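Novice: I'd like to ask you about the structure that follows.
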Amino acid sequence: MTEKEFNDCVNLYADNVYRFILKNLKHEEDARDVVQASFEKLWINREKVDNDRSKSYLFTVAYHQMIDLIRKNKRVKLEEDFSSSLQTTREPQSEIKKLLNEALYRLSETQRSLVLLKDYEGYSYDEIAEITSLSISQVKVYLHRARIQLKNYLVKPENVI
């Protein structure tokens, strides 16, 4: 990968990687740190990474960086309530968006990541399996269960708009 290809990669994928990590972590600074570390790893390993596989490589590295951060925070027991202090947009969220975010955050970290990779980022099952180090059948099963949980939460009478 050349320097120009790396810069193109930053321009093309930085927002997507950031959005994916932010949706999972719900903390802007941590998401920026994970994205920065991911691009740093890409730069360090640019000789080994084929330009055609750079997007997949970035999401894989970012996913693993995010998991490491989550584990570290659990180990150290830093329990902060990010939900009250974090707003990803400056304008008020619609009721539907709030409801969808609530439903997403009720999922486990793995399930939420899979839903975001498949439905928000548009990855195939094969690509998701590679990114998350799960088998394709695990990806399908976890995704199916996550969607059932989302559906059950969203159709509750108190959540129907």
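Chain labels run A, B, ... following the order of the structure tokens; each chain numbers its residues from 1, and ligands are numbered from 1 in the order shown.
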Find the spatial neighbours of segment 134-140 of chain A, counting only C-alpha atoms, within a cut-off of 10 Å - ignore same-chain residues fewer than 4 positions away - and output them as a compact mmCIF listing (two decimals) with all heavy atoms, in the first residue's frame.
Specialist:
# COMPACT_ATOMS: atom_id res chain seq x y z
N THR A 110 -21.58 -8.33 21.24
CA THR A 110 -21.37 -9.10 20.02
C THR A 110 -22.55 -8.94 19.08
O THR A 110 -22.37 -8.68 17.89
CB THR A 110 -21.15 -10.59 20.34
OG1 THR A 110 -20.04 -10.71 21.22
CG2 THR A 110 -20.91 -11.41 19.09
N GLN A 111 -23.76 -9.10 19.61
CA GLN A 111 -24.94 -8.98 18.77
C GLN A 111 -25.05 -7.58 18.17
O GLN A 111 -25.36 -7.43 16.99
CB GLN A 111 -26.20 -9.30 19.57
CG GLN A 111 -26.35 -10.76 19.92
CD GLN A 111 -27.56 -11.01 20.80
OE1 GLN A 111 -27.88 -10.20 21.67
NE2 GLN A 111 -28.23 -12.14 20.58
N LEU A 114 -22.61 -7.19 15.35
CA LEU A 114 -23.03 -7.92 14.16
C LEU A 114 -24.15 -7.18 13.42
O LEU A 114 -24.11 -7.07 12.19
CB LEU A 114 -23.49 -9.33 14.53
CG LEU A 114 -22.41 -10.26 15.07
CD1 LEU A 114 -23.01 -11.59 15.50
CD2 LEU A 114 -21.30 -10.47 14.07
N VAL A 115 -25.13 -6.67 14.15
CA VAL A 115 -26.22 -5.92 13.52
C VAL A 115 -25.67 -4.68 12.82
O VAL A 115 -26.05 -4.38 11.68
CB VAL A 115 -27.30 -5.54 14.56
CG1 VAL A 115 -28.29 -4.54 13.99
CG2 VAL A 115 -28.04 -6.78 15.04
N LYS A 118 -23.69 -5.70 9.65
CA LYS A 118 -24.53 -6.22 8.57
C LYS A 118 -25.51 -5.17 8.05
O LYS A 118 -25.56 -4.89 6.85
CB LYS A 118 -25.31 -7.45 9.07
CG LYS A 118 -26.20 -8.09 8.02
CD LYS A 118 -25.41 -8.73 6.92
CE LYS A 118 -26.33 -9.44 5.95
NZ LYS A 118 -25.70 -9.61 4.66
N SER A 124 -21.03 -8.56 4.14
CA SER A 124 -21.58 -9.89 3.93
C SER A 124 -21.28 -10.76 5.15
O SER A 124 -20.47 -10.39 6.00
CB SER A 124 -20.94 -10.53 2.69
OG SER A 124 -19.58 -10.83 2.94
N TYR A 125 -21.93 -11.90 5.23
CA TYR A 125 -21.69 -12.83 6.35
C TYR A 125 -20.22 -13.25 6.39
O TYR A 125 -19.62 -13.35 7.46
CB TYR A 125 -22.58 -14.06 6.24
CG TYR A 125 -24.05 -13.77 6.45
CD1 TYR A 125 -24.97 -13.97 5.44
CD2 TYR A 125 -24.52 -13.30 7.68
CE1 TYR A 125 -26.33 -13.70 5.63
CE2 TYR A 125 -25.86 -13.04 7.89
CZ TYR A 125 -26.76 -13.24 6.86
OH TYR A 125 -28.09 -12.97 7.06
N ASP A 126 -19.65 -13.51 5.22
CA ASP A 126 -18.24 -13.92 5.16
C ASP A 126 -17.32 -12.83 5.72
O ASP A 126 -16.40 -13.12 6.49
CB ASP A 126 -17.82 -14.22 3.71
CG ASP A 126 -18.53 -15.44 3.14
OD1 ASP A 126 -18.89 -16.33 3.92
OD2 ASP A 126 -18.71 -15.49 1.91
N GLU A 127 -17.58 -11.59 5.32
CA GLU A 127 -16.75 -10.48 5.79
C GLU A 127 -16.90 -10.27 7.30
O GLU A 127 -15.93 -10.02 8.01
CB GLU A 127 -17.11 -9.20 5.04
CG GLU A 127 -16.74 -9.23 3.58
CD GLU A 127 -17.33 -8.07 2.80
OE1 GLU A 127 -18.48 -7.68 3.07
OE2 GLU A 127 -16.62 -7.56 1.91
N ILE A 128 -18.13 -10.39 7.79
CA ILE A 128 -18.37 -10.23 9.23
C ILE A 128 -17.67 -11.34 10.00
O ILE A 128 -17.07 -11.09 11.05
CB ILE A 128 -19.88 -10.21 9.53
CG1 ILE A 128 -20.53 -8.98 8.91
CG2 ILE A 128 -20.13 -10.25 11.04
CD1 ILE A 128 -22.04 -8.97 8.96
N ALA A 129 -17.72 -12.56 9.49
CA ALA A 129 -17.04 -13.67 10.15
C ALA A 129 -15.54 -13.40 10.24
O ALA A 129 -14.91 -13.67 11.27
CB ALA A 129 -17.32 -14.97 9.39
N GLU A 130 -14.99 -12.86 9.18
CA GLU A 130 -13.56 -12.55 9.17
C GLU A 130 -13.23 -11.44 10.16
O GLU A 130 -12.26 -11.52 10.91
CB GLU A 130 -13.13 -12.13 7.75
CG GLU A 130 -11.65 -11.88 7.62
CD GLU A 130 -11.27 -11.46 6.22
OE1 GLU A 130 -11.91 -11.93 5.25
OE2 GLU A 130 -10.34 -10.66 6.09
N HIS A 144 -29.50 -13.61 13.81
CA HIS A 144 -30.91 -14.00 13.85
C HIS A 144 -31.49 -13.74 15.25
O HIS A 144 -32.56 -13.15 15.38
CB HIS A 144 -31.06 -15.47 13.47
CG HIS A 144 -32.46 -15.98 13.57
ND1 HIS A 144 -33.45 -15.60 12.69
CD2 HIS A 144 -33.05 -16.82 14.47
CE1 HIS A 144 -34.59 -16.19 13.03
NE2 HIS A 144 -34.37 -16.93 14.11
N ARG A 145 -30.77 -14.16 16.27
CA ARG A 145 -31.22 -13.94 17.65
C ARG A 145 -31.30 -12.46 17.99
O ARG A 145 -32.23 -12.02 18.67
CB ARG A 145 -30.29 -14.65 18.63
CG ARG A 145 -30.42 -16.16 18.56
CD ARG A 145 -29.45 -16.84 19.50
NE ARG A 145 -29.55 -18.28 19.36
CZ ARG A 145 -28.64 -19.12 19.82
NH1 ARG A 145 -27.56 -18.68 20.44
NH2 ARG A 145 -28.79 -20.42 19.66
N ALA A 146 -30.34 -11.70 17.51
CA ALA A 146 -30.34 -10.25 17.77
C ALA A 146 -31.56 -9.60 17.12
O ALA A 146 -32.21 -8.75 17.72
CB ALA A 146 -29.06 -9.62 17.24
Novice: Any idea what's packed within 8 Å of segment 6-9 of chain A, counting only C-alpha atoms, ignoring anything in its chain fewer than 3 positions away? Could you give it as an NGL selection string?
Specialist: :A and (1-3 or 12-14 or 43 or 46 or 54-55)
Novice: Mind dumping the selected residues with all heavy atoms as a PDB file, in the first residue's frame?
Specialist:
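Generated file (selection.pdb):
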ATOM      1  N   MET A   1       0.851  -1.170   0.000  1.00  0.00           N
ATOM      2  CA  MET A   1       0.000   0.000   0.000  1.00  0.00           C
ATOM      3  C   MET A   1       0.899   1.235   0.000  1.00  0.00           C
ATOM      4  O   MET A   1       1.779   1.358   0.833  1.00  0.00           O
ATOM      5  CB  MET A   1      -0.906  -0.031   1.245  1.00  0.00           C
ATOM      6  CG  MET A   1      -1.692   1.225   1.447  1.00  0.00           C
ATOM      7  SD  MET A   1      -2.765   1.206   2.904  1.00  0.00           S
ATOM      8  CE  MET A   1      -4.089   0.204   2.304  1.00  0.00           C
ATOM      9  N   THR A   2       0.616   2.122  -0.891  1.00  0.00           N
ATOM     10  CA  THR A   2       1.413   3.344  -0.993  1.00  0.00           C
ATOM     11  C   THR A   2       0.857   4.411  -0.055  1.00  0.00           C
ATOM     12  O   THR A   2      -0.234   4.253   0.511  1.00  0.00           O
ATOM     13  CB  THR A   2       1.382   3.893  -2.435  1.00  0.00           C
ATOM     14  OG1 THR A   2       0.040   4.289  -2.736  1.00  0.00           O
ATOM     15  CG2 THR A   2       1.871   2.865  -3.440  1.00  0.00           C
ATOM     16  N   GLU A   3       1.588   5.500   0.072  1.00  0.00           N
ATOM     17  CA  GLU A   3       1.137   6.596   0.924  1.00  0.00           C
ATOM     18  C   GLU A   3      -0.161   7.190   0.385  1.00  0.00           C
ATOM     19  O   GLU A   3      -1.071   7.517   1.140  1.00  0.00           O
ATOM     20  CB  GLU A   3       2.227   7.664   1.004  1.00  0.00           C
ATOM     21  CG  GLU A   3       1.927   8.762   1.986  1.00  0.00           C
ATOM     22  CD  GLU A   3       3.079   9.744   2.129  1.00  0.00           C
ATOM     23  OE1 GLU A   3       4.237   9.368   1.921  1.00  0.00           O
ATOM     24  OE2 GLU A   3       2.775  10.910   2.440  1.00  0.00           O
ATOM     25  N   LEU A  12     -11.805   7.583   2.621  1.00  0.00           N
ATOM     26  CA  LEU A  12     -12.956   6.741   2.298  1.00  0.00           C
ATOM     27  C   LEU A  12     -13.601   6.088   3.516  1.00  0.00           C
ATOM     28  O   LEU A  12     -14.826   5.976   3.590  1.00  0.00           O
ATOM     29  CB  LEU A  12     -12.543   5.647   1.308  1.00  0.00           C
ATOM     30  CG  LEU A  12     -12.254   6.084  -0.118  1.00  0.00           C
ATOM     31  CD1 LEU A  12     -11.672   4.927  -0.920  1.00  0.00           C
ATOM     32  CD2 LEU A  12     -13.528   6.587  -0.775  1.00  0.00           C
ATOM     33  N   TYR A  13     -12.800   5.639   4.477  1.00  0.00           N
ATOM     34  CA  TYR A  13     -13.323   4.753   5.513  1.00  0.00           C
ATOM     35  C   TYR A  13     -13.324   5.317   6.928  1.00  0.00           C
ATOM     36  O   TYR A  13     -13.899   4.705   7.823  1.00  0.00           O
ATOM     37  CB  TYR A  13     -12.549   3.435   5.507  1.00  0.00           C
ATOM     38  CG  TYR A  13     -12.512   2.782   4.147  1.00  0.00           C
ATOM     39  CD1 TYR A  13     -11.312   2.396   3.579  1.00  0.00           C
ATOM     40  CD2 TYR A  13     -13.679   2.555   3.426  1.00  0.00           C
ATOM     41  CE1 TYR A  13     -11.272   1.797   2.326  1.00  0.00           C
ATOM     42  CE2 TYR A  13     -13.650   1.976   2.178  1.00  0.00           C
ATOM     43  CZ  TYR A  13     -12.444   1.589   1.631  1.00  0.00           C
ATOM     44  OH  TYR A  13     -12.402   1.011   0.402  1.00  0.00           O
ATOM     45  N   ALA A  14     -12.703   6.442   7.170  1.00  0.00           N
ATOM     46  CA  ALA A  14     -12.604   6.963   8.543  1.00  0.00           C
ATOM     47  C   ALA A  14     -13.986   7.184   9.168  1.00  0.00           C
ATOM     48  O   ALA A  14     -14.218   6.794  10.321  1.00  0.00           O
ATOM     49  CB  ALA A  14     -11.788   8.249   8.567  1.00  0.00           C
ATOM     50  N   TRP A  43      -1.101   1.833   8.986  1.00  0.00           N
ATOM     51  CA  TRP A  43       0.107   2.503   8.506  1.00  0.00           C
ATOM     52  C   TRP A  43       1.340   1.645   8.784  1.00  0.00           C
ATOM     53  O   TRP A  43       2.204   1.483   7.926  1.00  0.00           O
ATOM     54  CB  TRP A  43       0.250   3.880   9.140  1.00  0.00           C
ATOM     55  CG  TRP A  43       1.505   4.578   8.712  1.00  0.00           C
ATOM     56  CD1 TRP A  43       2.629   4.770   9.443  1.00  0.00           C
ATOM     57  CD2 TRP A  43       1.772   5.136   7.417  1.00  0.00           C
ATOM     58  NE1 TRP A  43       3.577   5.421   8.703  1.00  0.00           N
ATOM     59  CE2 TRP A  43       3.075   5.667   7.456  1.00  0.00           C
ATOM     60  CE3 TRP A  43       1.040   5.248   6.255  1.00  0.00           C
ATOM     61  CZ2 TRP A  43       3.658   6.292   6.363  1.00  0.00           C
ATOM     62  CZ3 TRP A  43       1.622   5.876   5.171  1.00  0.00           C
ATOM     63  CH2 TRP A  43       2.910   6.386   5.224  1.00  0.00           C
ATOM     64  N   ARG A  46       1.302  -1.347   6.423  1.00  0.00           N
ATOM     65  CA  ARG A  46       0.897  -1.019   5.050  1.00  0.00           C
ATOM     66  C   ARG A  46       1.581  -1.871   3.998  1.00  0.00           C
ATOM     67  O   ARG A  46       1.021  -2.119   2.945  1.00  0.00           O
ATOM     68  CB  ARG A  46       1.108   0.463   4.779  1.00  0.00           C
ATOM     69  CG  ARG A  46       2.555   0.897   4.713  1.00  0.00           C
ATOM     70  CD  ARG A  46       2.687   2.418   4.613  1.00  0.00           C
ATOM     71  NE  ARG A  46       4.065   2.838   4.597  1.00  0.00           N
ATOM     72  CZ  ARG A  46       4.830   2.975   5.667  1.00  0.00           C
ATOM     73  NH1 ARG A  46       4.332   2.716   6.857  1.00  0.00           N
ATOM     74  NH2 ARG A  46       6.085   3.353   5.564  1.00  0.00           N
ATOM     75  N   SER A  54      -8.084  -3.259   2.389  1.00  0.00           N
ATOM     76  CA  SER A  54      -7.839  -2.284   3.456  1.00  0.00           C
ATOM     77  C   SER A  54      -9.091  -2.005   4.298  1.00  0.00           C
ATOM     78  O   SER A  54      -8.993  -1.855   5.512  1.00  0.00           O
ATOM     79  CB  SER A  54      -7.276  -0.987   2.877  1.00  0.00           C
ATOM     80  OG  SER A  54      -8.182  -0.422   1.958  1.00  0.00           O
ATOM     81  N   LYS A  55     -10.260  -1.949   3.691  1.00  0.00           N
ATOM     82  CA  LYS A  55     -11.495  -1.684   4.445  1.00  0.00           C
ATOM     83  C   LYS A  55     -11.753  -2.813   5.433  1.00  0.00           C
ATOM     84  O   LYS A  55     -12.017  -2.571   6.620  1.00  0.00           O
ATOM     85  CB  LYS A  55     -12.679  -1.520   3.497  1.00  0.00           C
ATOM     86  CG  LYS A  55     -13.977  -1.195   4.209  1.00  0.00           C
ATOM     87  CD  LYS A  55     -15.118  -1.005   3.234  1.00  0.00           C
ATOM     88  CE  LYS A  55     -16.409  -0.683   3.964  1.00  0.00           C
ATOM     89  NZ  LYS A  55     -17.556  -0.608   3.053  1.00  0.00           N
TER      90      LYS A  55
END
Novice: Pick out the closest residue to Lys23 of chain A from this set: A:Asn152, A:Asn101, A:Pro157, A:Gly122. Count only C-alpha atoms.
Specialist: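 Answer, going by the shortest atom-to-atom distance: A:Asn101.
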Novice: Between atom CA of Phe39 of chain A and atom CA of Ser108 of chain A, what distance in Å does the model show, to one decimal?
Specialist: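 Computing it gives 26.2 Å between the two atoms.
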Novice: Check the smallest atom-to-atom distance from each of A:Asn11, A:Gln36, A:Ser94, A:Gln149 to Gln65 of chain A using only C-alpha atoms, then report the winner.
Specialist: A:Gln36
Novice: Check the smallest atom-to-atom distance from each of A:Glu5, A:Asp119, A:Asp30, A:Asp68 to Leu104 of chain A using only C-alpha atoms, then report the winner.
Specialist: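 Of A:Glu5, A:Asp119, A:Asp30, A:Asp68, the one nearest Leu104 of chain A is A:Asp119, counting only C-alpha atoms.
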Novice: Do a neighbour search on Leu100 of chain A at 9 Å with only C-alpha atoms, toss out local chain neighbours closer than 5 positions, and write the hits as a PyMOL selection string.
Specialist: chain A and resi 95+105+150+154
Novice: If you run DSSP on this backbone, which residues of segment 103-155 of chain A come out as helix (DSSP H, G or I), and could you give them as number ranges by chain?
Specialist: A: 103-105, 109-120, 125-132, 136-154
Novice: Export, as a PDB file, in the first residue's frame, the selected residues with C-alpha atoms.
Specialist:
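Result file follows (part20.pdb):
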ATOM      1  CA  ALA A 103     -33.228  -1.435  21.287  1.00  0.00           C
ATOM      2  CA  LEU A 104     -29.668  -1.706  19.957  1.00  0.00           C
ATOM      3  CA  TYR A 105     -28.124  -1.061  23.366  1.00  0.00           C
ATOM      4  CA  GLU A 109     -21.839  -6.308  22.554  1.00  0.00           C
ATOM      5  CA  THR A 110     -21.367  -9.102  20.015  1.00  0.00           C
ATOM      6  CA  GLN A 111     -24.943  -8.980  18.769  1.00  0.00           C
ATOM      7  CA  ARG A 112     -24.880  -5.179  18.484  1.00  0.00           C
ATOM      8  CA  SER A 113     -21.622  -5.331  16.529  1.00  0.00           C
ATOM      9  CA  LEU A 114     -23.032  -7.920  14.157  1.00  0.00           C
ATOM     10  CA  VAL A 115     -26.221  -5.923  13.523  1.00  0.00           C
ATOM     11  CA  LEU A 116     -24.221  -2.760  12.883  1.00  0.00           C
ATOM     12  CA  LEU A 117     -21.774  -4.512  10.555  1.00  0.00           C
ATOM     13  CA  LYS A 118     -24.532  -6.223   8.570  1.00  0.00           C
ATOM     14  CA  ASP A 119     -27.372  -3.714   8.522  1.00  0.00           C
ATOM     15  CA  TYR A 120     -25.586  -0.365   8.907  1.00  0.00           C
ATOM     16  CA  TYR A 125     -21.690 -12.826   6.345  1.00  0.00           C
ATOM     17  CA  ASP A 126     -18.238 -13.918   5.162  1.00  0.00           C
ATOM     18  CA  GLU A 127     -16.748 -10.481   5.792  1.00  0.00           C
ATOM     19  CA  ILE A 128     -18.368 -10.233   9.229  1.00  0.00           C
ATOM     20  CA  ALA A 129     -17.044 -13.673  10.150  1.00  0.00           C
ATOM     21  CA  GLU A 130     -13.558 -12.553   9.166  1.00  0.00           C
ATOM     22  CA  ILE A 131     -13.812  -9.261  11.074  1.00  0.00           C
ATOM     23  CA  THR A 132     -15.181 -10.791  14.279  1.00  0.00           C
ATOM     24  CA  ILE A 136     -20.241 -17.942   9.392  1.00  0.00           C
ATOM     25  CA  SER A 137     -22.861 -20.095  11.118  1.00  0.00           C
ATOM     26  CA  GLN A 138     -22.211 -18.297  14.434  1.00  0.00           C
ATOM     27  CA  VAL A 139     -22.638 -14.950  12.681  1.00  0.00           C
ATOM     28  CA  LYS A 140     -25.953 -16.066  11.190  1.00  0.00           C
ATOM     29  CA  VAL A 141     -27.262 -17.492  14.470  1.00  0.00           C
ATOM     30  CA  TYR A 142     -26.210 -14.488  16.584  1.00  0.00           C
ATOM     31  CA  LEU A 143     -27.617 -12.093  13.996  1.00  0.00           C
ATOM     32  CA  HIS A 144     -30.914 -13.995  13.851  1.00  0.00           C
ATOM     33  CA  ARG A 145     -31.225 -13.945  17.650  1.00  0.00           C
ATOM     34  CA  ALA A 146     -30.341 -10.253  17.765  1.00  0.00           C
ATOM     35  CA  ARG A 147     -33.014  -9.430  15.208  1.00  0.00           C
ATOM     36  CA  ILE A 148     -35.603 -11.397  17.171  1.00  0.00           C
ATOM     37  CA  GLN A 149     -34.684  -9.443  20.314  1.00  0.00           C
ATOM     38  CA  LEU A 150     -34.900  -6.168  18.398  1.00  0.00           C
ATOM     39  CA  LYS A 151     -38.277  -7.092  16.945  1.00  0.00           C
ATOM     40  CA  ASN A 152     -39.660  -8.166  20.322  1.00  0.00           C
ATOM     41  CA  TYR A 153     -38.528  -4.933  21.933  1.00  0.00           C
ATOM     42  CA  LEU A 154     -39.769  -2.699  19.124  1.00  0.00           C
TER      43      LEU A 154
END
Novice: Point out the residue among A:Leu99, A:Leu22, A:Asn73, A:Arg32 with the least atom-to-atom distance to Lys156 of chain A, counting only C-alpha atoms.
Specialist: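 Going through A:Leu99, A:Leu22, A:Asn73, A:Arg32 one by one, the smallest distance to Lys156 of chain A is for A:Leu99.
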Novice: Of the residues A:Leu107, A:Asp15, A:Val10, A:Val34, which is the one nearest to His64 of chain A, using only C-alpha atoms?
Specialist: A:Val34
Novice: Atom CA of Ser133 of chain A and atom CA of Asp52 of chain A are how many Å apart?
Specialist: 19.7 Å
